[in-house]
>>> print(open('query15.cif').read())   # mmCIF, C-alpha atoms and all ligand atoms
data_final
loop_
_atom_site.group_PDB
_atom_site.id
_atom_site.type_symbol
_atom_site.label_atom_id
_atom_site.label_comp_id
_atom_site.auth_asym_id
_atom_site.auth_seq_id
_atom_site.Cartn_x
_atom_site.Cartn_y
_atom_site.Cartn_z
ATOM 1 C CA MET A 16 33.170 -39.192 4.845
ATOM 2 C CA THR A 17 34.838 -42.591 5.298
ATOM 3 C CA LYS A 18 34.724 -44.177 8.724
ATOM 4 C CA VAL A 19 36.451 -47.189 10.203
ATOM 5 C CA THR A 20 34.106 -49.207 12.347
ATOM 6 C CA THR A 21 35.489 -51.920 14.574
ATOM 7 C CA VAL A 22 32.983 -54.722 14.958
ATOM 8 C CA PRO A 23 32.885 -56.876 18.092
ATOM 9 C CA SER A 24 33.550 -60.526 17.241
ATOM 10 C CA PRO A 25 31.282 -63.239 18.666
ATOM 11 C CA ALA A 26 33.706 -63.671 21.545
ATOM 12 C CA GLY A 27 33.241 -60.026 22.416
ATOM 13 C CA ARG A 28 36.749 -59.097 21.229
ATOM 14 C CA PHE A 29 37.355 -56.600 18.441
ATOM 15 C CA MET A 30 38.192 -57.896 15.004
ATOM 16 C CA SER A 31 41.186 -55.646 14.423
ATOM 17 C CA SER A 32 44.162 -57.264 16.110
ATOM 18 C CA VAL A 33 45.057 -55.781 19.452
ATOM 19 C CA ASP A 34 47.427 -58.604 20.351
ATOM 20 C CA GLY A 35 50.124 -58.093 17.709
ATOM 21 C CA PRO A 36 53.501 -56.483 18.415
ATOM 22 C CA PRO A 37 53.585 -52.815 19.417
ATOM 23 C CA SER A 38 53.424 -50.740 16.273
ATOM 24 C CA TRP A 39 52.896 -47.150 17.384
ATOM 25 C CA SER A 40 54.831 -44.202 18.686
ATOM 26 C CA VAL A 41 52.534 -41.892 20.619
ATOM 27 C CA VAL A 42 53.338 -38.183 20.841
ATOM 28 C CA ILE A 43 51.865 -36.448 23.904
ATOM 29 C CA PRO A 44 52.046 -32.644 24.232
ATOM 30 C CA VAL A 45 52.357 -31.177 27.715
ATOM 31 C CA LYS A 46 51.994 -27.432 28.039
ATOM 32 C CA ARG A 47 53.925 -25.595 30.769
ATOM 33 C CA LEU A 48 52.054 -26.566 33.928
ATOM 34 C CA HIS A 49 51.576 -23.048 35.258
ATOM 35 C CA ARG A 50 49.897 -21.983 32.011
ATOM 36 C CA ALA A 51 47.761 -25.101 31.565
ATOM 37 C CA LYS A 52 44.182 -25.929 32.510
ATOM 38 C CA SER A 53 43.003 -22.309 32.819
ATOM 39 C CA ARG A 54 39.370 -23.486 32.696
ATOM 40 C CA LEU A 55 39.991 -25.337 35.979
ATOM 41 C CA ALA A 56 41.301 -22.253 37.802
ATOM 42 C CA GLY A 57 38.051 -21.827 39.747
ATOM 43 C CA LEU A 58 38.261 -25.390 41.007
ATOM 44 C CA ALA A 59 41.957 -25.739 41.744
ATOM 45 C CA GLY A 60 43.075 -22.162 42.534
ATOM 46 C CA ASN A 61 46.829 -21.947 42.957
ATOM 47 C CA ARG A 62 47.061 -25.763 42.827
ATOM 48 C CA ARG A 63 46.049 -25.745 39.152
ATOM 49 C CA TRP A 64 49.549 -26.746 38.093
ATOM 50 C CA GLU A 65 49.307 -29.820 40.349
ATOM 51 C CA LEU A 66 46.111 -30.826 38.603
ATOM 52 C CA ALA A 67 47.706 -30.362 35.165
ATOM 53 C CA LEU A 68 50.624 -32.508 36.332
ATOM 54 C CA ALA A 69 48.377 -35.228 37.784
ATOM 55 C CA VAL A 70 46.322 -35.475 34.601
ATOM 56 C CA CYS A 71 49.346 -35.801 32.331
ATOM 57 C CA LEU A 72 51.001 -38.351 34.650
ATOM 58 C CA ASP A 73 47.914 -40.574 34.524
ATOM 59 C CA ALA A 74 47.625 -40.210 30.733
ATOM 60 C CA VAL A 75 51.288 -41.002 30.111
ATOM 61 C CA ARG A 76 51.296 -43.883 32.626
ATOM 62 C CA ALA A 77 48.382 -45.523 30.809
ATOM 63 C CA THR A 78 49.983 -44.931 27.397
ATOM 64 C CA LEU A 79 53.248 -46.515 28.550
ATOM 65 C CA ALA A 80 51.230 -49.522 29.749
ATOM 66 C CA CYS A 81 49.466 -49.963 26.388
ATOM 67 C CA ARG A 82 50.578 -53.065 24.482
ATOM 68 C CA ALA A 83 50.183 -51.361 21.096
ATOM 69 C CA VAL A 84 52.669 -48.640 22.046
ATOM 70 C CA GLN A 85 56.407 -49.039 21.581
ATOM 71 C CA ARG A 86 57.461 -45.457 22.239
ATOM 72 C CA VAL A 87 55.990 -42.409 23.968
ATOM 73 C CA VAL A 88 57.400 -39.019 22.980
ATOM 74 C CA VAL A 89 56.370 -36.194 25.317
ATOM 75 C CA VAL A 90 56.842 -32.685 23.958
ATOM 76 C CA THR A 91 57.279 -30.250 26.819
ATOM 77 C CA ASP A 92 59.342 -27.360 28.130
ATOM 78 C CA ASP A 93 58.201 -28.051 31.680
ATOM 79 C CA HIS A 94 61.113 -29.426 33.706
ATOM 80 C CA HIS A 95 58.979 -30.350 36.679
ATOM 81 C CA ALA A 96 56.670 -32.430 34.480
ATOM 82 C CA ALA A 97 59.638 -34.017 32.703
ATOM 83 C CA THR A 98 61.214 -35.093 36.008
ATOM 84 C CA ALA A 99 57.975 -36.636 37.288
ATOM 85 C CA LEU A 100 57.260 -38.376 33.965
ATOM 86 C CA ARG A 101 60.692 -40.035 33.991
ATOM 87 C CA GLU A 102 59.726 -41.806 37.246
ATOM 88 C CA LEU A 103 56.783 -43.641 35.655
ATOM 89 C CA PRO A 104 56.871 -47.429 35.155
ATOM 90 C CA ARG A 105 58.433 -48.355 31.740
ATOM 91 C CA ALA A 106 59.674 -44.780 31.279
ATOM 92 C CA GLU A 107 63.296 -45.815 31.209
ATOM 93 C CA ARG A 108 62.708 -48.101 28.232
ATOM 94 C CA ALA A 109 59.923 -46.399 26.327
ATOM 95 C CA LEU A 110 59.695 -42.670 27.133
ATOM 96 C CA MET A 111 61.474 -39.871 25.285
ATOM 97 C CA ILE A 112 61.049 -36.246 26.274
ATOM 98 C CA THR A 113 61.779 -33.480 23.818
ATOM 99 C CA ASP A 114 61.675 -29.693 24.087
ATOM 100 C CA ASP A 115 58.699 -27.728 22.846
ATOM 101 C CA VAL A 116 60.123 -26.768 19.469
ATOM 102 C CA PRO A 117 59.387 -24.328 17.828
ATOM 103 C CA ASP A 118 57.421 -23.091 20.896
ATOM 104 C CA ALA A 119 54.588 -21.959 18.659
ATOM 105 C CA GLY A 120 51.607 -23.802 20.108
ATOM 106 C CA LEU A 121 50.099 -27.250 20.075
ATOM 107 C CA ASN A 122 50.170 -28.366 16.416
ATOM 108 C CA PRO A 123 53.768 -27.296 15.717
ATOM 109 C CA ALA A 124 54.771 -29.098 18.952
ATOM 110 C CA LEU A 125 53.055 -32.255 17.705
ATOM 111 C CA ARG A 126 54.760 -32.066 14.305
ATOM 112 C CA HIS A 127 58.102 -31.737 16.071
ATOM 113 C CA GLY A 128 57.279 -34.748 18.257
ATOM 114 C CA ALA A 129 56.341 -36.784 15.175
ATOM 115 C CA THR A 130 59.662 -35.947 13.513
ATOM 116 C CA ILE A 131 61.555 -37.072 16.616
ATOM 117 C CA ALA A 132 59.411 -40.232 16.863
ATOM 118 C CA SER A 133 59.907 -41.310 13.267
ATOM 119 C CA ARG A 134 63.640 -40.638 13.466
ATOM 120 C CA GLN A 135 63.875 -42.761 16.623
ATOM 121 C CA ASP A 136 61.662 -45.624 15.420
ATOM 122 C CA PRO A 137 61.372 -45.557 11.631
ATOM 123 C CA GLY A 138 58.476 -47.611 10.356
ATOM 124 C CA LEU A 139 56.187 -47.190 13.341
ATOM 125 C CA GLY A 140 52.898 -45.361 12.997
ATOM 126 C CA VAL A 141 52.746 -42.061 14.867
ATOM 127 C CA ALA A 142 49.733 -40.973 16.892
ATOM 128 C CA ALA A 143 49.259 -37.639 18.636
ATOM 129 C CA LEU A 144 47.332 -38.026 21.894
ATOM 130 C CA SER A 145 46.055 -35.331 24.241
ATOM 131 C CA ALA A 146 47.571 -35.321 27.728
ATOM 132 C CA ASP A 147 44.184 -34.323 29.149
ATOM 133 C CA LEU A 148 42.986 -37.920 29.617
ATOM 134 C CA PRO A 149 43.097 -38.772 33.349
ATOM 135 C CA ALA A 150 40.820 -41.823 33.020
ATOM 136 C CA LEU A 151 42.734 -43.344 30.074
ATOM 137 C CA ARG A 152 42.763 -47.163 30.038
ATOM 138 C CA PRO A 153 45.586 -48.958 28.206
ATOM 139 C CA GLU A 154 43.296 -51.614 26.704
ATOM 140 C CA GLU A 155 40.970 -48.983 25.235
ATOM 141 C CA LEU A 156 43.902 -47.132 23.711
ATOM 142 C CA ALA A 157 45.075 -50.443 22.208
ATOM 143 C CA ARG A 158 41.667 -50.867 20.585
ATOM 144 C CA VAL A 159 41.784 -47.371 19.115
ATOM 145 C CA LEU A 160 45.289 -47.922 17.728
ATOM 146 C CA ALA A 161 44.271 -51.286 16.267
ATOM 147 C CA ALA A 162 41.499 -49.487 14.372
ATOM 148 C CA ALA A 163 43.952 -46.760 13.323
ATOM 149 C CA ASN A 164 46.115 -49.493 11.742
ATOM 150 C CA ARG A 165 43.415 -49.841 9.094
ATOM 151 C CA ALA A 166 43.538 -46.284 7.700
ATOM 152 C CA PRO A 167 46.413 -44.124 6.422
ATOM 153 C CA ARG A 168 45.279 -41.186 8.572
ATOM 154 C CA SER A 169 42.614 -41.307 11.258
ATOM 155 C CA PHE A 170 41.334 -39.541 14.350
ATOM 156 C CA LEU A 171 39.126 -40.089 17.395
ATOM 157 C CA ALA A 172 36.617 -37.407 18.381
ATOM 158 C CA ASP A 173 36.441 -36.290 21.994
ATOM 159 C CA ALA A 174 33.513 -37.068 24.322
ATOM 160 C CA ALA A 175 31.753 -33.843 23.345
ATOM 161 C CA ALA A 176 32.030 -34.855 19.653
ATOM 162 C CA VAL A 177 33.502 -31.418 18.923
ATOM 163 C CA GLY A 178 37.227 -31.845 19.399
ATOM 164 C CA THR A 179 39.841 -34.565 18.922
ATOM 165 C CA THR A 180 41.766 -36.652 21.420
ATOM 166 C CA LEU A 181 43.854 -38.806 19.042
ATOM 167 C CA TYR A 182 45.198 -38.222 15.526
ATOM 168 C CA ALA A 183 47.101 -41.082 13.892
ATOM 169 C CA VAL A 184 49.225 -41.454 10.757
ATOM 170 C CA ARG A 185 50.355 -44.944 9.797
ATOM 171 C CA ASP A 186 53.238 -43.958 7.512
ATOM 172 C CA VAL A 187 54.695 -40.628 8.565
ATOM 173 C CA ASP A 188 57.545 -40.866 6.042
ATOM 174 C CA SER A 189 55.090 -40.586 3.198
ATOM 175 C CA GLY A 190 54.068 -37.201 4.639
ATOM 176 C CA GLY A 191 50.696 -35.989 5.759
ATOM 177 C CA PHE A 192 51.219 -35.608 9.505
ATOM 178 C CA THR A 193 49.201 -32.397 9.740
ATOM 179 C CA PRO A 194 47.237 -32.390 13.009
ATOM 180 C CA ALA A 195 44.695 -29.597 13.404
ATOM 181 C CA PHE A 196 43.937 -29.752 17.143
ATOM 182 C CA GLY A 197 42.219 -26.877 18.925
ATOM 183 C CA GLY A 198 38.565 -25.946 19.364
ATOM 184 C CA SER A 199 36.304 -27.626 16.813
ATOM 185 C CA SER A 200 39.026 -29.902 15.519
ATOM 186 C CA ARG A 201 36.686 -32.784 14.711
ATOM 187 C CA ALA A 202 35.225 -30.813 11.802
ATOM 188 C CA ARG A 203 38.682 -29.684 10.724
ATOM 189 C CA HIS A 204 40.037 -33.240 10.672
ATOM 190 C CA ARG A 205 37.004 -34.470 8.764
ATOM 191 C CA GLY A 206 37.519 -31.623 6.296
ATOM 192 C CA GLN A 207 41.098 -32.829 5.701
ATOM 193 C CA ASP A 208 39.735 -36.256 4.775
ATOM 194 C CA VAL A 209 41.165 -37.890 7.857
ATOM 195 C CA VAL A 210 39.160 -41.028 8.643
ATOM 196 C CA GLU A 211 37.033 -40.728 11.763
ATOM 197 C CA LEU A 212 37.293 -43.826 13.975
ATOM 198 C CA ASP A 213 33.772 -44.908 14.795
ATOM 199 C CA LEU A 214 34.307 -47.024 17.894
ATOM 200 C CA ARG A 215 32.209 -47.990 20.877
ATOM 201 C CA GLY A 216 33.614 -48.722 24.317
ATOM 202 C CA VAL A 217 36.593 -46.370 24.204
ATOM 203 C CA ASP A 218 35.165 -43.676 26.471
ATOM 204 C CA SER A 219 38.381 -43.288 28.443
ATOM 205 C CA VAL A 220 40.264 -42.274 25.264
ATOM 206 C CA ARG A 221 37.593 -39.717 24.362
ATOM 207 C CA ARG A 222 37.236 -38.239 27.878
ATOM 208 C CA ASP A 223 39.404 -35.145 27.878
ATOM 209 C CA VAL A 224 39.046 -32.713 30.753
ATOM 210 C CA ASP A 225 38.811 -28.966 30.385
ATOM 211 C CA THR A 226 36.113 -28.055 32.918
ATOM 212 C CA PRO A 227 34.872 -29.257 36.333
ATOM 213 C CA ALA A 228 31.995 -31.046 34.564
ATOM 214 C CA ASP A 229 34.543 -32.932 32.444
ATOM 215 C CA LEU A 230 36.410 -33.947 35.605
ATOM 216 C CA ARG A 231 33.191 -35.246 37.120
ATOM 217 C CA ALA A 232 32.580 -37.305 33.967
ATOM 218 C CA ALA A 233 36.155 -38.624 34.068
ATOM 219 C CA ALA A 234 35.683 -39.553 37.734
ATOM 220 C CA ALA A 235 32.599 -41.546 36.741
ATOM 221 C CA LEU A 236 34.774 -43.589 34.354
ATOM 222 C CA GLY A 237 37.460 -44.060 37.022
ATOM 223 C CA LEU A 238 40.385 -41.672 37.382
ATOM 224 C CA GLY A 239 44.008 -42.714 37.276
ATOM 225 C CA PRO A 240 45.792 -42.853 40.654
ATOM 226 C CA VAL A 241 47.438 -39.426 40.699
ATOM 227 C CA THR A 242 44.405 -37.413 39.588
ATOM 228 C CA GLY A 243 42.144 -39.539 41.789
ATOM 229 C CA ALA A 244 44.211 -38.791 44.907
ATOM 230 C CA LEU A 245 44.483 -35.087 44.125
ATOM 231 C CA LEU A 246 40.810 -34.644 43.352
ATOM 232 C CA ALA A 247 39.819 -36.484 46.519
ATOM 233 C CA ASP A 248 41.674 -33.703 48.318
ATOM 234 C CA LEU A 249 40.746 -30.715 46.117
ATOM 235 C CA ALA A 250 37.142 -31.454 45.183
ATOM 236 C CA PRO A 251 35.805 -34.650 46.792
ATOM 237 C CA HIS A 252 32.236 -33.798 45.675
ATOM 238 C CA LEU A 253 33.299 -34.427 42.060
ATOM 239 C CA MET A 254 34.251 -37.983 42.991
ATOM 240 C CA LEU A 255 30.867 -38.974 44.340
ATOM 241 C CA GLY A 256 28.357 -40.994 42.385
ATOM 242 C CA PRO A 257 24.610 -40.395 42.682
ATOM 243 C CA ASP A 258 24.494 -42.881 45.585
ATOM 244 C CA GLY A 259 27.180 -40.978 47.494
ATOM 245 C CA THR A 260 29.915 -43.598 46.991
ATOM 246 C CA THR A 261 33.398 -42.705 45.764
ATOM 247 C CA ARG A 262 34.150 -43.566 42.144
ATOM 248 C CA ALA A 263 37.960 -43.593 42.094
ATOM 249 C CA ARG A 264 39.601 -46.531 40.333
HETATM 250 N N1 LIG B 1 53.815 -28.928 24.193
HETATM 251 C C1 LIG B 1 52.707 -28.197 24.120
HETATM 252 N N2 LIG B 1 51.514 -28.745 24.477
HETATM 253 C C2 LIG B 1 50.409 -27.976 24.415
HETATM 254 C C3 LIG B 1 50.427 -26.631 23.976
HETATM 255 N N3 LIG B 1 49.164 -26.146 24.033
HETATM 256 C C4 LIG B 1 48.386 -27.140 24.490
HETATM 257 N N4 LIG B 1 49.120 -28.249 24.732
HETATM 258 C C5 LIG B 1 48.643 -29.565 25.181
HETATM 259 O O1 LIG B 1 47.568 -29.902 24.321
HETATM 260 C C6 LIG B 1 46.517 -30.578 25.017
HETATM 261 C C7 LIG B 1 45.228 -29.790 24.922
HETATM 262 O O2 LIG B 1 45.453 -28.569 25.573
HETATM 263 P P1 LIG B 1 44.362 -27.424 25.700
HETATM 264 O O3 LIG B 1 43.092 -27.991 26.200
HETATM 265 O O4 LIG B 1 44.340 -26.675 24.436
HETATM 266 O O5 LIG B 1 45.003 -26.463 26.780
HETATM 267 P P2 LIG B 1 45.074 -26.591 28.355
HETATM 268 O O6 LIG B 1 46.151 -25.731 28.822
HETATM 269 O O7 LIG B 1 45.193 -28.025 28.761
HETATM 270 O O8 LIG B 1 43.685 -26.032 28.887
HETATM 271 P P3 LIG B 1 43.077 -24.528 28.847
HETATM 272 O O9 LIG B 1 44.037 -23.599 29.505
HETATM 273 O O10 LIG B 1 41.815 -24.659 29.616
HETATM 274 O O11 LIG B 1 42.876 -24.211 27.392
HETATM 275 C C8 LIG B 1 47.067 -30.779 26.414
HETATM 276 O O12 LIG B 1 47.747 -32.018 26.399
HETATM 277 C C9 LIG B 1 48.061 -29.635 26.583
HETATM 278 O O13 LIG B 1 49.070 -29.893 27.537
HETATM 279 C C10 LIG B 1 51.707 -26.079 23.588
HETATM 280 O O14 LIG B 1 51.843 -24.927 23.203
HETATM 281 N N5 LIG B 1 52.785 -26.903 23.689
HETATM 282 C C1 LIG B 2 42.776 -29.202 21.620
HETATM 283 C C2 LIG B 2 41.536 -29.641 21.604
HETATM 284 O O1 LIG B 2 40.625 -29.538 22.597
HETATM 285 P P1 LIG B 2 40.617 -28.730 23.946
HETATM 286 O O2 LIG B 2 41.255 -27.400 23.679
HETATM 287 O O3 LIG B 2 39.182 -28.659 24.292
HETATM 288 O O4 LIG B 2 41.422 -29.573 24.875
HETATM 289 C C3 LIG B 2 40.919 -30.377 20.456
HETATM 290 O O5 LIG B 2 39.878 -31.009 20.717
HETATM 291 O O6 LIG B 2 41.408 -30.298 19.350
#
>>> encode(input="query15.cif", output="structure tokens", more="lines below")
Ligand SMILES: Nc1nc2c(ncn2[C@@H]2O[C@H](COP(=O)(O)OP(=O)(O)OP(=O)(O)O)[C@@H](O)[C@H]2O)c(=O)[nH]1
Ligand SMILES: C=C(OP(=O)(O)O)C(=O)O
Amino acid sequence: MTKVTTVPSPAGRFMSSVDGPPSWSVVIPVKRLHRAKSRLAGLAGNRRWELALAVCLDAVRATLACRAVQRVVVVTDDHHAATALRELPRAERALMITDDVPDAGLNPALRHGATIASRQDPGLGVAALSADLPALRPEELARVLAAANRAPRSFLADAAAVGTTLYAVRDVDSGGFTPAFGGSSRARHRGQDVVELDLRGVDSVRRDVDTPADLRAAAALGLGPVTGALLADLAPHLMLGPDGTTRAR
């Protein structure tokens, strides 16, 4: 199994360039809000859709703020989410929203998003990124994409080292955009000979949230503003560190 390791330079920066021009389109799938985040039903009750919305707003906001990203393509059939996403900073210039075609689940939605992205910006790499990343930091995403520049196809495992949060293909026109998200997708991506990005210090890109324990871990990293405000209302105990202080960013 080949891995790409990004080595810190003496100055503490990473050797792959993160300061070059934006070179990626990022496709973000957003499931219909009322059907999403079922594993958080116990925590959020009938406000589950608000939590799903907050998480995707923070993930897309951070992606739009990432200097390695030229375009964000959100694949969704949720009109409420689409309206809120269009209000984000930089959305007018950099965000496209496309319908969930063929409405057959996550991976077909991502392939559709990649087709739209490469038609809109030929020549850019295309990365699929989970929307479940409420602590996402733009500079960490830039580091991951800089590492992805060094392999034809690559992926980043999630915090549990079982799933995947990012799947990247440098040259979509030459084919091979075949994401296999869902469940134990890390093993599936490795089995397809997709290079696993072996990076330190990118916890916010790995930290997807499916359960209350995941949300607590994301809060420890520092939640984005929308999820932070909602969680402070819904479940303030998840926002407290061991010393009892709040950990919102
Ligand atoms: N557009 C689109 N996005 C999807 C679909 N299924 C999942 N996603 C997105 O894929 C990512 C991972 O989703 P999952 O963890 O599988 O599903 P979830 O609804 O967030 O959570 P659970 O209900 O707990 O499984 C999130 O960004 C979802 O919004 C789909 O059918 N269409
Ligand atoms: C979709 C995935 O994960 P989850 O369903 O846990 O969000 C994945 O890791 O491929």
>>> closest_residue(input="query15.cif", among="A:Arg231, A:Arg158, A:Arg221, A:Arg185", to="A:Val209", atoms="only C-alpha atoms")
A:Arg185
>>> resolve_selection(input="query15.cif", expression="the PyMOL selection byres (((not hetatm)) within 6 of (chain B and resi 1))", output="list in words")
Pro44, Val45, Lys46, Ala51, Lys52, Ser53, Arg54, Val90, Thr91, Asp115, Gly120, Leu121, Ala124, Ser145, Ala146, Asp147, Gly197 and Asp225 of chain A
>>> closest_residue(input="query15.cif", among="A:Leu212, A:Ile131, A:Val184, A:Leu100", to="A:Leu171", atoms="all atoms listed in the file")
A:Leu212
>>> residues_near_ligand(input="query15.cif", ligand="ligand LIG 2 (chain B)", cutoff="10 Å", atoms="only C-alpha atoms and all ligand atoms", output="ChimeraX atom specification")
/A:52,54,121-122,144-148,171-182,194-204,221,223-226
>>> axis_aligned_box(input="query15.cif", around="stretch 249-255 of chain A", padding_each_side="3 Å", output="AutoDock Vina command-line options")
--center_x 35.8 --center_y -34.8 --center_z 44.4 --size_x 15.9 --size_y 14.3 --size_z 10.7
>>> resolve_selection(input="query15.cif", expression="the PyMOL selection byres (((chain A and resi 210) around 10) and not hetatm)", output="PyMOL selection string")
chain A and resi 16-19+163+165-171+182-183+204-209+211-213
>>> closest_residue(input="query15.cif", among="A:Asp93, A:Pro251, A:Ala74, A:Glu107", to="A:Arg50", atoms="all atoms listed in the file")
A:Asp93
>>> atom_distance(input="query15.cif", atom1="atom CA of A:Leu214", atom2="atom CA of A:Thr130")
28.0 Å
>>> build_atoms(input="query15.cif", residues="stretch 210-223 of chain A", atoms="N, CA and C atoms", output="mmCIF file, keeping the file's coordinate frame")
data_model
loop_
_atom_site.group_PDB
_atom_site.id
_atom_site.type_symbol
_atom_site.label_atom_id
_atom_site.label_comp_id
_atom_site.auth_asym_id
_atom_site.auth_seq_id
_atom_site.Cartn_x
_atom_site.Cartn_y
_atom_site.Cartn_z
ATOM 1 N N VAL A 210 40.237 -40.082 8.328
ATOM 2 C CA VAL A 210 39.160 -41.028 8.643
ATOM 3 C C VAL A 210 38.771 -40.930 10.124
ATOM 4 N N GLU A 211 37.492 -40.762 10.368
ATOM 5 C CA GLU A 211 37.033 -40.728 11.763
ATOM 6 C C GLU A 211 36.817 -42.152 12.269
ATOM 7 N N LEU A 212 37.444 -42.483 13.394
ATOM 8 C CA LEU A 212 37.293 -43.826 13.975
ATOM 9 C C LEU A 212 35.962 -43.887 14.713
ATOM 10 N N ASP A 213 35.134 -44.812 14.272
ATOM 11 C CA ASP A 213 33.772 -44.908 14.795
ATOM 12 C C ASP A 213 33.720 -46.120 15.726
ATOM 13 N N LEU A 214 34.140 -45.913 16.955
ATOM 14 C CA LEU A 214 34.307 -47.024 17.894
ATOM 15 C C LEU A 214 33.403 -46.859 19.102
ATOM 16 N N ARG A 215 32.937 -47.986 19.602
ATOM 17 C CA ARG A 215 32.209 -47.990 20.877
ATOM 18 C C ARG A 215 33.171 -48.482 21.962
ATOM 19 N N GLY A 216 32.860 -48.136 23.194
ATOM 20 C CA GLY A 216 33.614 -48.722 24.317
ATOM 21 C C GLY A 216 35.018 -48.189 24.490
ATOM 22 N N VAL A 217 35.269 -46.966 23.997
ATOM 23 C CA VAL A 217 36.593 -46.370 24.204
ATOM 24 C C VAL A 217 36.438 -44.997 24.881
ATOM 25 N N ASP A 218 35.492 -44.952 25.814
ATOM 26 C CA ASP A 218 35.165 -43.676 26.471
ATOM 27 C C ASP A 218 36.373 -43.034 27.153
ATOM 28 N N SER A 219 37.253 -43.868 27.696
ATOM 29 C CA SER A 219 38.381 -43.288 28.443
ATOM 30 C C SER A 219 39.353 -42.562 27.513
ATOM 31 N N VAL A 220 39.373 -42.946 26.223
ATOM 32 C CA VAL A 220 40.264 -42.274 25.264
ATOM 33 C C VAL A 220 39.617 -40.983 24.755
ATOM 34 N N ARG A 221 38.311 -40.922 24.828
ATOM 35 C CA ARG A 221 37.593 -39.717 24.362
ATOM 36 C C ARG A 221 37.459 -38.663 25.472
ATOM 37 N N ARG A 222 37.632 -39.096 26.746
ATOM 38 C CA ARG A 222 37.236 -38.239 27.878
ATOM 39 C C ARG A 222 38.323 -37.246 28.266
ATOM 40 N N ASP A 223 38.438 -36.180 27.491
ATOM 41 C CA ASP A 223 39.404 -35.145 27.878
ATOM 42 C C ASP A 223 38.761 -34.223 28.906
#
